[in-house]
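Asker: To start, I am sharing the structure in question, which I have written as structure tokens.
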Amino acid sequence: MATPVSVLRLPKGPDPNSRGFDPKSPRFIALCRTSIATSASSETNAEQLPIEQHARSVLRETFLRCLLSMTNKKVQFLMHERVKVEATFGASDIDVLNFQVSDLHTPIGVQKEALIRCQDVISFTCDS
Amino acid sequence: MAMRQTPLTCSGHTRPVVDLAFSGITPYGYFLISACKDGKPMMRHGDTGDWIGTFLGHKGAVWGATLNTDATKAATAAADFTAKVWDAVSGDEVLTLAHKHIVKTVNFTKDSTCLLTGGNDKLLRLYDLINPEAAPQEIAGHTSAIKKALWCNNDKQILSAADDKTIRLWDRSSMEEVKQLKFDTAVSSMEYLADGEILVITYGKTIGFYNALSLDLIKTVDAPAPINSASLHPDKDFFVAGGEDFKLYKFDYGTKEELESYKGHFGPVHCVRFSPDGELYASGSEDGTLRLWQTAVGKTYGLWKCVLPEELGLENSEPLYTTPPEIKA
């Protein structure tokens with residue numbers, strides 16, 4: 001009598017609540033488009049792509065150097081709901097989701113240490 | 001000790017599964033797409049059958065589905081007179097290509113820049129995916145509905161099978177017919193292996209193997225029942241076939257000997273394909289399920305685990321999965 005091959009589990013079935021394509025899967029994170037679509041997604045011009053990639057790298061590097069140069073300097077943040085605050089810049093987290101600042105001047109007082117949520121920030125300026 | 005094949009059943013579809021396709025091997029593994037009469041094609045991990053997502057948008061039965069080589073794009077052909085191109089990572093619909101009748105078959109070129117479609121309007125269409133607004137190139141010639149169309153010969157030629165009982169080879173640049181094969185009965189399926197330029201065709205109870213460039217016959221093998229689909233292993237040592245008697249058959253390609261037959265499906269088998277690494281084959285059936293079958297029965301791969309005889313009797317060994325778990329109501 002032949003023994004049936006053992007199986008670790010059954011294949012996972014569809015989720016009744018969603019259409020799937022988990023945004024947390026490694027493949028999604030690696031391959032999915034950024035918020036600003038590149039020309040690659042519509043494949044308009046294969047020659048333009050290296051030029052566009054170079055421009056993106058330059059912009060990214062400039063942004064990161066800007067963040068570095070702001071350390072311990074006074075920065076003014078313009079935020080949603082007509083909020084304008086000033087603080088001493090500390091650091092950014094790796095995904096640029098939060099800025100760590102000190103001496104945040106707010107209409108209701110000065111916060112010694114604070115985290116500013118980046119998605120609330122419209123712009124920030126600093127005297128270099 | 002002989003091992004008995006344990007097929008893995010992938011549920012989720014609610015109506016017959018009429019087509020399935022594997023992607024190539026990508027850095028994230030390989031993937032499977034299934035076309036179903038319920039209008040909701042699904043994408044799964046190829047080695048486990050785990051569901052990844054469902055492409056929502058078609059308003060009719062989906063007759064054909066395919067993935068590009070790196071599984072970043074999917075294309076589907078449906079009874080709602082459209083073919084759709086999808087982003088296979090996010091599941092979003094990217095393009096809807098309107099046709100004048102039911103679309104039955106879709107196929108990407110290797111570089112994913114061109115999509116071939118065919119259907120009941122008897123025309124082959126070539127869509128430039130870089131300029132999708134441009135009108136497609138059309139190839140006329142078939143006198144009945146096209147069932148399957150494939151790129152071949154490094155995307156320089158096209159093979160099409162139709163209900164007019166012919167298989168035709170077309171040149172992409174001239175758009176002209178190069179060769180034709182005539183049959184006494186309708187061709188039920190066609191598979192193309194680029195490596196070796198082999199065409200696998202099924203008609204009646206026969207599985208025919210042809211040279212894809214010359215359309216010369218290599219050999220034919222007859223099965224015990226009418227066959228709807230067959231697939232040749234990448235190493236060209238075995239082929240599998242399934243059809244109207246609900247069984248999967250495994251044959252030796254060299255000797256044409258029937259090696260095994262497997263029961264499992266509760267309805268006719270409509271499609272069967274080997275995975276790109278040849279370790280398993282997937283079948284789609286009228287019963288609404290996909291089943292994954294091992295090529296080497298008993299080998300540890302995907303969800304299958306090889307258990308040595310010594311381990312079977314041990315009290316301390318982990319209980320291995322054999323019966324379906326109770327699902328709480």
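Starting from 1 in every chain, residues are counted up; chains themselves are A, B, ... following the order of the structure tokens, and ligands are numbered from 1 as listed.
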If you take only C-alpha atoms and a cut-off of 8 Å, which residues of chain B touch chain A, and what are their nearest atom pairs and distances in Å to one decimal, in chain and number order, as JSON lines?
Answerer:
{"residue": "B:Met1", "atom": "CA", "partner": "A:Ala2", "partner_atom": "CA", "distance": 7.1}
{"residue": "B:Ala2", "atom": "CA", "partner": "A:Ala2", "partner_atom": "CA", "distance": 5.1}
{"residue": "B:Met3", "atom": "CA", "partner": "A:Thr3", "partner_atom": "CA", "distance": 5.0}
{"residue": "B:Arg4", "atom": "CA", "partner": "A:Pro4", "partner_atom": "CA", "distance": 4.3}
{"residue": "B:Gln5", "atom": "CA", "partner": "A:Val5", "partner_atom": "CA", "distance": 6.0}
{"residue": "B:Thr6", "atom": "CA", "partner": "A:Val5", "partner_atom": "CA", "distance": 5.5}
{"residue": "B:Leu8", "atom": "CA", "partner": "A:Leu10", "partner_atom": "CA", "distance": 6.6}
{"residue": "B:Thr9", "atom": "CA", "partner": "A:Pro11", "partner_atom": "CA", "distance": 7.0}
{"residue": "B:Cys10", "atom": "CA", "partner": "A:Pro11", "partner_atom": "CA", "distance": 6.0}
{"residue": "B:Ser11", "atom": "CA", "partner": "A:Gly13", "partner_atom": "CA", "distance": 6.1}
{"residue": "B:Gly12", "atom": "CA", "partner": "A:Pro14", "partner_atom": "CA", "distance": 5.9}
{"residue": "B:Tyr28", "atom": "CA", "partner": "A:Arg27", "partner_atom": "CA", "distance": 6.6}
{"residue": "B:Thr48", "atom": "CA", "partner": "A:Pro11", "partner_atom": "CA", "distance": 6.0}
{"residue": "B:Gly49", "atom": "CA", "partner": "A:Pro11", "partner_atom": "CA", "distance": 5.1}
{"residue": "B:Asp50", "atom": "CA", "partner": "A:Lys12", "partner_atom": "CA", "distance": 4.5}
{"residue": "B:Trp51", "atom": "CA", "partner": "A:Gly13", "partner_atom": "CA", "distance": 5.4}
{"residue": "B:Ile52", "atom": "CA", "partner": "A:Phe21", "partner_atom": "CA", "distance": 5.6}
{"residue": "B:Gly53", "atom": "CA", "partner": "A:Gly20", "partner_atom": "CA", "distance": 3.9}
{"residue": "B:Thr54", "atom": "CA", "partner": "A:Arg19", "partner_atom": "CA", "distance": 5.2}
{"residue": "B:Phe55", "atom": "CA", "partner": "A:Arg19", "partner_atom": "CA", "distance": 7.3}
{"residue": "B:Leu56", "atom": "CA", "partner": "A:Arg19", "partner_atom": "CA", "distance": 7.5}
{"residue": "B:Val89", "atom": "CA", "partner": "A:Phe28", "partner_atom": "CA", "distance": 5.7}
{"residue": "B:Ser90", "atom": "CA", "partner": "A:Phe21", "partner_atom": "CA", "distance": 5.6}
{"residue": "B:Gly91", "atom": "CA", "partner": "A:Phe21", "partner_atom": "CA", "distance": 6.0}
{"residue": "B:Ile130", "atom": "CA", "partner": "A:Glu43", "partner_atom": "CA", "distance": 5.6}
{"residue": "B:Asn131", "atom": "CA", "partner": "A:Thr44", "partner_atom": "CA", "distance": 7.7}
{"residue": "B:Val297", "atom": "CA", "partner": "A:Val5", "partner_atom": "CA", "distance": 7.3}
{"residue": "B:Gly298", "atom": "CA", "partner": "A:Val5", "partner_atom": "CA", "distance": 5.5}
{"residue": "B:Leu303", "atom": "CA", "partner": "A:Leu8", "partner_atom": "CA", "distance": 5.3}
{"residue": "B:Trp304", "atom": "CA", "partner": "A:Val7", "partner_atom": "CA", "distance": 4.6}
{"residue": "B:Lys305", "atom": "CA", "partner": "A:Ser6", "partner_atom": "CA", "distance": 5.5}
{"residue": "B:Cys306", "atom": "CA", "partner": "A:Ser6", "partner_atom": "CA", "distance": 6.8}
{"residue": "B:Val307", "atom": "CA", "partner": "A:Ser6", "partner_atom": "CA", "distance": 7.1}
{"residue": "B:Leu320", "atom": "CA", "partner": "A:Leu8", "partner_atom": "CA", "distance": 6.4}
{"residue": "B:Tyr321", "atom": "CA", "partner": "A:Leu8", "partner_atom": "CA", "distance": 5.5}
{"residue": "B:Thr322", "atom": "CA", "partner": "A:Ser6", "partner_atom": "CA", "distance": 6.5}
{"residue": "B:Pro324", "atom": "CA", "partner": "A:Leu10", "partner_atom": "CA", "distance": 7.9}
Asker: Residues of the last selection are to be written out with N, CA and C atoms, as an mmCIF file, in the first residue's frame.
Answerer:
data_model
loop_
_atom_site.group_PDB
_atom_site.id
_atom_site.type_symbol
_atom_site.label_atom_id
_atom_site.label_comp_id
_atom_site.auth_asym_id
_atom_site.auth_seq_id
_atom_site.Cartn_x
_atom_site.Cartn_y
_atom_site.Cartn_z
ATOM 1 N N MET B 1 10.125 2.202 -0.901
ATOM 2 C CA MET B 1 8.679 2.244 -0.586
ATOM 3 C C MET B 1 8.003 3.205 -1.544
ATOM 4 N N ALA B 2 6.943 2.781 -2.181
ATOM 5 C CA ALA B 2 6.275 3.617 -3.169
ATOM 6 C C ALA B 2 5.524 4.749 -2.476
ATOM 7 N N MET B 3 5.583 5.922 -3.092
ATOM 8 C CA MET B 3 4.848 7.064 -2.554
ATOM 9 C C MET B 3 3.691 7.369 -3.493
ATOM 10 N N ARG B 4 2.566 7.751 -2.892
ATOM 11 C CA ARG B 4 1.410 8.091 -3.703
ATOM 12 C C ARG B 4 1.331 9.600 -3.849
ATOM 13 N N GLN B 5 1.044 10.078 -5.035
ATOM 14 C CA GLN B 5 0.974 11.511 -5.337
ATOM 15 C C GLN B 5 -0.101 12.189 -4.486
ATOM 16 N N THR B 6 0.260 13.288 -3.831
ATOM 17 C CA THR B 6 -0.721 14.101 -3.113
ATOM 18 C C THR B 6 -0.858 15.419 -3.864
ATOM 19 N N LEU B 8 -2.027 19.204 -4.625
ATOM 20 C CA LEU B 8 -2.410 20.331 -3.782
ATOM 21 C C LEU B 8 -3.540 21.069 -4.485
ATOM 22 N N THR B 9 -4.653 21.217 -3.798
ATOM 23 C CA THR B 9 -5.811 21.856 -4.418
ATOM 24 C C THR B 9 -5.851 23.336 -4.093
ATOM 25 N N CYS B 10 -5.937 24.166 -5.118
ATOM 26 C CA CYS B 10 -6.049 25.610 -4.939
ATOM 27 C C CYS B 10 -7.498 25.971 -5.188
ATOM 28 N N SER B 11 -8.174 26.407 -4.130
ATOM 29 C CA SER B 11 -9.579 26.773 -4.295
ATOM 30 C C SER B 11 -9.684 28.289 -4.411
ATOM 31 N N GLY B 12 -10.846 28.766 -4.681
ATOM 32 C CA GLY B 12 -11.042 30.209 -4.790
ATOM 33 C C GLY B 12 -11.924 30.567 -5.964
ATOM 34 N N TYR B 28 11.964 36.596 -7.239
ATOM 35 C CA TYR B 28 10.997 36.362 -6.159
ATOM 36 C C TYR B 28 10.283 35.030 -6.332
ATOM 37 N N THR B 48 3.849 27.035 -4.463
ATOM 38 C CA THR B 48 3.002 26.612 -3.346
ATOM 39 C C THR B 48 1.520 26.678 -3.683
ATOM 40 N N GLY B 49 1.152 27.473 -4.679
ATOM 41 C CA GLY B 49 -0.263 27.662 -4.973
ATOM 42 C C GLY B 49 -0.912 28.708 -4.082
ATOM 43 N N ASP B 50 -0.124 29.347 -3.213
ATOM 44 C CA ASP B 50 -0.691 30.376 -2.329
ATOM 45 C C ASP B 50 -1.218 31.530 -3.174
ATOM 46 N N TRP B 51 -2.428 31.962 -2.845
ATOM 47 C CA TRP B 51 -3.057 33.063 -3.565
ATOM 48 C C TRP B 51 -2.314 34.361 -3.288
ATOM 49 N N ILE B 52 -2.090 35.166 -4.340
ATOM 50 C CA ILE B 52 -1.467 36.480 -4.171
ATOM 51 C C ILE B 52 -2.518 37.558 -4.350
ATOM 52 N N GLY B 53 -3.339 37.448 -5.401
ATOM 53 C CA GLY B 53 -4.343 38.470 -5.635
ATOM 54 C C GLY B 53 -5.268 38.095 -6.772
ATOM 55 N N THR B 54 -6.356 38.854 -6.877
ATOM 56 C CA THR B 54 -7.347 38.639 -7.926
ATOM 57 C C THR B 54 -7.437 39.900 -8.757
ATOM 58 N N PHE B 55 -7.413 39.749 -10.078
ATOM 59 C CA PHE B 55 -7.516 40.900 -10.976
ATOM 60 C C PHE B 55 -8.990 41.198 -11.200
ATOM 61 N N LEU B 56 -9.446 42.322 -10.657
ATOM 62 C CA LEU B 56 -10.864 42.651 -10.738
ATOM 63 C C LEU B 56 -11.100 43.693 -11.819
ATOM 64 N N VAL B 89 2.133 43.353 -10.011
ATOM 65 C CA VAL B 89 2.668 43.545 -8.654
ATOM 66 C C VAL B 89 1.608 44.207 -7.777
ATOM 67 N N SER B 90 0.921 45.215 -8.350
ATOM 68 C CA SER B 90 -0.083 45.924 -7.563
ATOM 69 C C SER B 90 -1.498 45.402 -7.815
ATOM 70 N N GLY B 91 -1.683 44.661 -8.916
ATOM 71 C CA GLY B 91 -3.018 44.167 -9.240
ATOM 72 C C GLY B 91 -3.863 45.194 -9.979
ATOM 73 N N ILE B 130 3.944 50.106 -25.925
ATOM 74 C CA ILE B 130 4.634 51.365 -25.671
ATOM 75 C C ILE B 130 3.762 52.519 -26.170
ATOM 76 N N ASN B 131 3.013 52.297 -27.239
ATOM 77 C CA ASN B 131 2.064 53.285 -27.750
ATOM 78 C C ASN B 131 0.680 52.655 -27.814
ATOM 79 N N VAL B 297 7.422 12.344 -7.489
ATOM 80 C CA VAL B 297 6.539 12.137 -6.336
ATOM 81 C C VAL B 297 7.352 11.752 -5.106
ATOM 82 N N GLY B 298 7.139 12.476 -4.015
ATOM 83 C CA GLY B 298 7.833 12.164 -2.768
ATOM 84 C C GLY B 298 8.981 13.110 -2.476
ATOM 85 N N LEU B 303 5.271 22.821 -0.880
ATOM 86 C CA LEU B 303 4.571 22.371 0.316
ATOM 87 C C LEU B 303 4.683 20.861 0.552
ATOM 88 N N TRP B 304 5.284 20.152 -0.390
ATOM 89 C CA TRP B 304 5.451 18.705 -0.218
ATOM 90 C C TRP B 304 6.699 18.427 0.612
ATOM 91 N N LYS B 305 6.569 17.462 1.518
ATOM 92 C CA LYS B 305 7.714 17.135 2.364
ATOM 93 C C LYS B 305 8.023 15.655 2.271
ATOM 94 N N CYS B 306 9.283 15.352 2.011
ATOM 95 C CA CYS B 306 9.729 13.972 1.953
ATOM 96 C C CYS B 306 9.905 13.458 3.377
ATOM 97 N N VAL B 307 9.233 12.382 3.698
ATOM 98 C CA VAL B 307 9.358 11.821 5.042
ATOM 99 C C VAL B 307 10.038 10.475 4.917
ATOM 100 N N LEU B 320 2.510 15.620 10.905
ATOM 101 C CA LEU B 320 2.505 16.189 9.565
ATOM 102 C C LEU B 320 1.076 16.299 9.078
ATOM 103 N N TYR B 321 0.857 17.278 8.262
ATOM 104 C CA TYR B 321 -0.478 17.610 7.811
ATOM 105 C C TYR B 321 -1.015 16.531 6.881
ATOM 106 N N THR B 322 -2.120 15.926 7.219
ATOM 107 C CA THR B 322 -2.704 14.959 6.288
ATOM 108 C C THR B 322 -4.185 15.186 6.045
ATOM 109 N N PRO B 324 -7.676 17.897 6.197
ATOM 110 C CA PRO B 324 -7.991 19.336 6.212
ATOM 111 C C PRO B 324 -8.430 19.763 7.612
#
Asker: With a distance cut-off of 10 Å and only C-alpha atoms, select the neighbouring residues of Ala194 in chain B, excluding the residue or stretch itself and same-chain residues fewer than 6 positions from it, and output the selection as a ChimeraX atom specification.
Answerer: /B:151-155,212,234
Asker: Run DSSP on the backbone and give me the residues of chain A it puts in strand (DSSP E or B), as a PyMOL selection string.
Answerer: chain A and resi 3-4+6-7+20+74-79+83-92+98-106+109-117+121-126
Asker: Taking only chain A into account, list the residues labelled helix (DSSP H, G or I) by DSSP (computed from the backbone), as a PyMOL selection string.
Answerer: chain A and resi 26-31+39-42+48-69+118-120
Asker: Leaving out Val17 in chain B and any residue of its chain fewer than 6 positions from it, which residues lie within 10 Å of it when counting only C-alpha atoms, given as a ChimeraX atom specification?
Answerer: /B:34-38,41,61-64,269-271,283-290
Asker: Next, the residues of the selection above should be written as a CSV table (one decimal), in the first residue's frame with C-alpha atoms.
Answerer:
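Wrote it out as result_22.csv, contents follow:
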chain,number,residue,atom,x,y,z
B,34,SER,CA,-5.5,31.2,-13.9
B,35,ALA,CA,-8.4,32.3,-16.2
B,36,CYS,CA,-11.9,31.4,-15.0
B,37,LYS,CA,-15.4,31.7,-16.2
B,38,ASP,CA,-16.3,33.6,-13.1
B,41,PRO,CA,-8.4,35.8,-12.9
B,61,ALA,CA,-15.9,35.0,-18.4
B,62,VAL,CA,-12.1,35.2,-18.7
B,63,TRP,CA,-10.9,32.7,-21.4
B,64,GLY,CA,-7.2,33.4,-21.5
B,269,VAL,CA,-9.3,19.0,-17.2
B,270,HIS,CA,-9.2,22.1,-19.4
B,271,CYS,CA,-5.5,23.1,-19.1
B,283,SER,CA,-4.0,21.6,-13.9
B,284,GLY,CA,-7.2,23.6,-14.2
B,285,SER,CA,-10.6,21.9,-14.3
B,286,GLU,CA,-14.3,22.3,-14.9
B,287,ASP,CA,-14.6,21.7,-11.2
B,288,GLY,CA,-13.4,25.2,-10.5
B,289,THR,CA,-10.1,24.2,-8.9
B,290,LEU,CA,-6.4,24.2,-9.8
Asker: Write out as a tab-separated table (two decimals) with all heavy atoms, in the first residue's frame each polymer residue whose atoms come within 8 Å of range 113-120 of chain B, counting only C-alpha atoms; drop sequence neighbours fewer than 4 positions from it.
Answerer:
chain	number	residue	atom	x	y	z
B	77	ALA	N	-7.90	37.73	-21.45
B	77	ALA	CA	-8.80	37.80	-22.60
B	77	ALA	C	-10.17	37.37	-22.13
B	77	ALA	O	-10.30	36.32	-21.49
B	77	ALA	CB	-8.30	36.86	-23.68
B	83	ALA	N	-9.54	42.72	-23.98
B	83	ALA	CA	-8.35	42.12	-23.39
B	83	ALA	C	-7.84	43.19	-22.43
B	83	ALA	O	-7.95	44.39	-22.72
B	83	ALA	CB	-7.31	41.82	-24.45
B	101	HIS	N	-15.40	41.23	-30.52
B	101	HIS	CA	-16.05	39.97	-30.16
B	101	HIS	C	-15.30	39.39	-28.97
B	101	HIS	O	-14.34	39.98	-28.48
B	101	HIS	CB	-16.04	39.00	-31.35
B	101	HIS	CG	-17.23	38.09	-31.39
B	101	HIS	ND1	-17.61	37.30	-30.33
B	101	HIS	CD2	-18.12	37.84	-32.38
B	101	HIS	CE1	-18.68	36.61	-30.65
B	101	HIS	NE2	-19.02	36.91	-31.90
B	102	ILE	N	-15.72	38.20	-28.52
B	102	ILE	CA	-15.07	37.54	-27.38
B	102	ILE	C	-13.59	37.35	-27.69
B	102	ILE	O	-13.22	36.91	-28.78
B	102	ILE	CB	-15.73	36.16	-27.13
B	102	ILE	CG1	-17.19	36.35	-26.73
B	102	ILE	CG2	-14.97	35.38	-26.07
B	102	ILE	CD1	-17.99	35.04	-26.70
B	103	VAL	N	-12.75	37.71	-26.72
B	103	VAL	CA	-11.31	37.53	-26.87
B	103	VAL	C	-10.95	36.23	-26.15
B	103	VAL	O	-11.39	35.99	-25.02
B	103	VAL	CB	-10.52	38.71	-26.28
B	103	VAL	CG1	-9.07	38.66	-26.74
B	103	VAL	CG2	-11.14	40.03	-26.68
B	104	LYS	N	-10.15	35.39	-26.81
B	104	LYS	CA	-9.89	34.06	-26.24
B	104	LYS	C	-8.45	33.87	-25.76
B	104	LYS	O	-8.18	33.04	-24.90
B	104	LYS	CB	-10.17	32.99	-27.30
B	104	LYS	CG	-11.64	32.69	-27.53
B	104	LYS	CD	-12.17	31.82	-26.41
B	104	LYS	CE	-13.60	31.41	-26.54
B	104	LYS	NZ	-13.80	30.36	-27.54
B	105	THR	N	-7.50	34.61	-26.38
B	105	THR	CA	-6.10	34.31	-26.11
B	105	THR	C	-5.26	35.58	-26.11
B	105	THR	O	-5.54	36.52	-26.87
B	105	THR	CB	-5.57	33.29	-27.15
B	105	THR	OG1	-4.20	33.07	-26.95
B	105	THR	CG2	-5.82	33.75	-28.57
B	106	VAL	N	-4.27	35.61	-25.21
B	106	VAL	CA	-3.35	36.74	-25.11
B	106	VAL	C	-1.94	36.20	-24.89
B	106	VAL	O	-1.78	35.18	-24.23
B	106	VAL	CB	-3.70	37.69	-23.92
B	106	VAL	CG1	-4.70	38.74	-24.32
B	106	VAL	CG2	-4.19	36.91	-22.73
B	107	ASN	N	-0.94	36.92	-25.42
B	107	ASN	CA	0.45	36.46	-25.26
B	107	ASN	C	1.40	37.64	-25.38
B	107	ASN	O	1.27	38.43	-26.33
B	107	ASN	CB	0.74	35.39	-26.33
B	107	ASN	CG	1.96	34.55	-26.02
B	107	ASN	OD1	2.90	34.47	-26.78
B	107	ASN	ND2	1.94	33.87	-24.88
B	108	PHE	N	2.33	37.80	-24.44
B	108	PHE	CA	3.32	38.87	-24.48
B	108	PHE	C	4.54	38.43	-25.27
B	108	PHE	O	4.92	37.26	-25.25
B	108	PHE	CB	3.84	39.19	-23.07
B	108	PHE	CG	2.91	39.96	-22.19
B	108	PHE	CD1	2.23	39.32	-21.16
B	108	PHE	CD2	2.72	41.32	-22.35
B	108	PHE	CE1	1.38	40.01	-20.32
B	108	PHE	CE2	1.86	42.03	-21.51
B	108	PHE	CZ	1.19	41.37	-20.50
B	109	THR	N	5.23	39.38	-25.92
B	109	THR	CA	6.55	39.08	-26.46
B	109	THR	C	7.51	39.00	-25.28
B	109	THR	O	7.16	39.40	-24.17
B	109	THR	CB	7.05	40.18	-27.42
B	109	THR	OG1	6.87	41.45	-26.76
B	109	THR	CG2	6.30	40.17	-28.73
B	124	LEU	N	-6.11	38.15	-35.69
B	124	LEU	CA	-5.02	38.24	-34.74
B	124	LEU	C	-4.69	39.72	-34.64
B	124	LEU	O	-4.63	40.41	-35.66
B	124	LEU	CB	-3.79	37.48	-35.26
B	124	LEU	CG	-3.91	35.97	-35.26
B	124	LEU	CD1	-2.86	35.35	-36.16
B	124	LEU	CD2	-3.76	35.43	-33.84
B	125	ARG	N	-4.47	40.20	-33.43
B	125	ARG	CA	-4.14	41.62	-33.28
B	125	ARG	C	-2.83	41.76	-32.52
B	125	ARG	O	-2.57	41.01	-31.57
B	125	ARG	CB	-5.24	42.34	-32.51
B	125	ARG	CG	-6.46	42.62	-33.32
B	125	ARG	CD	-7.30	43.70	-32.64
B	125	ARG	NE	-8.42	44.06	-33.46
B	125	ARG	CZ	-9.56	43.41	-33.54
B	125	ARG	NH1	-9.72	42.33	-32.81
B	125	ARG	NH2	-10.53	43.82	-34.32
B	126	LEU	N	-2.03	42.73	-32.95
B	126	LEU	CA	-0.75	43.00	-32.30
B	126	LEU	C	-0.83	44.40	-31.71
B	126	LEU	O	-0.93	45.38	-32.45
B	126	LEU	CB	0.40	42.95	-33.32
B	126	LEU	CG	0.90	41.59	-33.79
B	126	LEU	CD1	-0.13	40.82	-34.57
B	126	LEU	CD2	2.14	41.77	-34.64
B	127	TYR	N	-0.80	44.52	-30.39
B	127	TYR	CA	-0.88	45.81	-29.72
B	127	TYR	C	0.50	46.24	-29.27
B	127	TYR	O	1.19	45.49	-28.57
B	127	TYR	CB	-1.80	45.72	-28.50
B	127	TYR	CG	-3.26	45.63	-28.83
B	127	TYR	CD1	-3.87	44.40	-29.04
B	127	TYR	CD2	-4.04	46.78	-28.94
B	127	TYR	CE1	-5.21	44.32	-29.36
B	127	TYR	CE2	-5.39	46.70	-29.25
B	127	TYR	CZ	-5.97	45.47	-29.46
B	127	TYR	OH	-7.30	45.39	-29.77
B	128	ASP	N	0.87	47.46	-29.65
B	128	ASP	CA	2.15	48.03	-29.22
B	128	ASP	C	1.93	48.61	-27.82
B	128	ASP	O	1.24	49.61	-27.66
B	128	ASP	CB	2.55	49.12	-30.21
B	128	ASP	CG	3.86	49.79	-29.85
B	128	ASP	OD1	4.41	49.49	-28.76
B	128	ASP	OD2	4.35	50.60	-30.64
B	129	LEU	N	2.51	47.99	-26.81
B	129	LEU	CA	2.25	48.42	-25.44
B	129	LEU	C	3.00	49.70	-25.08
B	129	LEU	O	2.74	50.30	-24.04
B	129	LEU	CB	2.60	47.30	-24.45
B	129	LEU	CG	1.72	46.04	-24.63
B	129	LEU	CD1	2.16	44.95	-23.68
B	129	LEU	CD2	0.26	46.36	-24.40
B	130	ILE	N	3.94	50.11	-25.93
B	130	ILE	CA	4.63	51.36	-25.67
B	130	ILE	C	3.76	52.52	-26.17
B	130	ILE	O	3.75	53.59	-25.58
B	130	ILE	CB	6.02	51.36	-26.35
B	130	ILE	CG1	6.84	50.20	-25.77
B	130	ILE	CG2	6.73	52.68	-26.13
B	130	ILE	CD1	8.18	50.02	-26.40
B	144	SER	N	-12.48	30.75	-38.79
B	144	SER	CA	-13.31	30.54	-37.58
B	144	SER	C	-12.62	31.18	-36.39
B	144	SER	O	-11.49	31.67	-36.51
B	144	SER	CB	-13.43	29.06	-37.25
B	144	SER	OG	-14.27	28.40	-38.10
B	145	ALA	N	-13.30	31.13	-35.27
B	145	ALA	CA	-12.77	31.71	-34.03
B	145	ALA	C	-11.38	31.18	-33.71
B	145	ALA	O	-11.11	29.99	-33.85
B	145	ALA	CB	-13.72	31.41	-32.87
B	146	ILE	N	-10.51	32.10	-33.27
B	146	ILE	CA	-9.15	31.73	-32.88
B	146	ILE	C	-9.17	31.31	-31.42
B	146	ILE	O	-9.73	32.00	-30.57
B	146	ILE	CB	-8.19	32.92	-33.10
B	146	ILE	CG1	-8.08	33.21	-34.60
B	146	ILE	CG2	-6.82	32.64	-32.50
B	146	ILE	CD1	-7.41	34.54	-34.91
B	147	LYS	N	-8.56	30.18	-31.16
B	147	LYS	CA	-8.58	29.63	-29.80
B	147	LYS	C	-7.30	30.00	-29.04
B	147	LYS	O	-7.33	30.22	-27.83
B	147	LYS	CB	-8.62	28.12	-29.94
B	147	LYS	CG	-9.11	27.42	-28.74
B	147	LYS	CD	-9.34	25.97	-29.08
B	147	LYS	CE	-10.34	25.37	-28.13
B	147	LYS	NZ	-11.11	24.33	-28.77
B	148	LYS	N	-6.17	29.98	-29.75
B	148	LYS	CA	-4.88	30.19	-29.08
B	148	LYS	C	-3.92	30.84	-30.06
B	148	LYS	O	-3.85	30.45	-31.22
B	148	LYS	CB	-4.30	28.84	-28.67
B	148	LYS	CG	-3.13	28.94	-27.73
B	148	LYS	CD	-3.56	28.98	-26.29
B	148	LYS	CE	-2.39	29.18	-25.35
B	148	LYS	NZ	-2.77	29.37	-23.98
B	149	ALA	N	-3.18	31.84	-29.59
B	149	ALA	CA	-2.17	32.49	-30.42
B	149	ALA	C	-0.92	32.68	-29.59
B	149	ALA	O	-1.00	33.06	-28.41
B	149	ALA	CB	-2.69	33.82	-30.93
B	150	LEU	N	0.23	32.39	-30.17
B	150	LEU	CA	1.49	32.44	-29.43
B	150	LEU	C	2.59	33.07	-30.28
B	150	LEU	O	2.61	32.88	-31.49
B	150	LEU	CB	1.97	31.02	-29.10
B	150	LEU	CG	1.08	30.11	-28.27
B	150	LEU	CD1	1.58	28.68	-28.40
B	150	LEU	CD2	1.14	30.53	-26.82
B	151	TRP	N	3.50	33.77	-29.63
B	151	TRP	CA	4.71	34.23	-30.31
B	151	TRP	C	5.68	33.05	-30.38
B	151	TRP	O	5.73	32.21	-29.47
B	151	TRP	CB	5.39	35.34	-29.50
B	151	TRP	CG	4.63	36.60	-29.44
B	151	TRP	CD1	3.89	37.05	-28.40
B	151	TRP	CD2	4.50	37.59	-30.47
B	151	TRP	NE1	3.31	38.25	-28.70
B	151	TRP	CE2	3.67	38.61	-29.96
B	151	TRP	CE3	5.01	37.72	-31.77
B	151	TRP	CZ2	3.35	39.75	-30.70
B	151	TRP	CZ3	4.68	38.84	-32.49
B	151	TRP	CH2	3.86	39.84	-31.97
Asker: Kindly give the distance, in Å, that separates CA of Glu113 in chain A and CA of Asp95 in chain A, rounded to a single decimal.
Answerer: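 Computing the Euclidean distance for CA of Glu113 in chain A and CA of Asp95 in chain A yields 20.1 Å.
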Asker: Any idea what the distance is between CA of Asn98 in chain A and CA of Gln119 in chain A?
Answerer: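 So the two atoms, CA of Asn98 in chain A and CA of Gln119 in chain A, lie 8.3 Å apart.
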Asker: Could you list, as number ranges by chain, every residue within 10 Å of Leu181 in chain B, counting only C-alpha atoms and ignoring same-chain residues fewer than 3 positions away?
Answerer: B: 161, 165-169, 215-217
Asker: With C-alpha atoms retained, write the just-selected residues as a compact mmCIF listing (two decimals), in the first residue's frame.
Answerer:
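File again.txt, as written:
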# COMPACT_ATOMS: atom_id res chain seq x y z
CA ALA B 161 -4.90 27.64 -33.65
CA LYS B 165 -9.20 23.04 -37.73
CA THR B 166 -5.99 24.72 -38.81
CA ILE B 167 -2.83 25.86 -37.13
CA ARG B 168 -1.13 28.67 -38.99
CA LEU B 169 2.36 30.12 -38.82
CA LEU B 215 5.69 22.56 -38.60
CA ASP B 216 7.11 19.11 -39.40
CA LEU B 217 5.64 16.33 -37.29
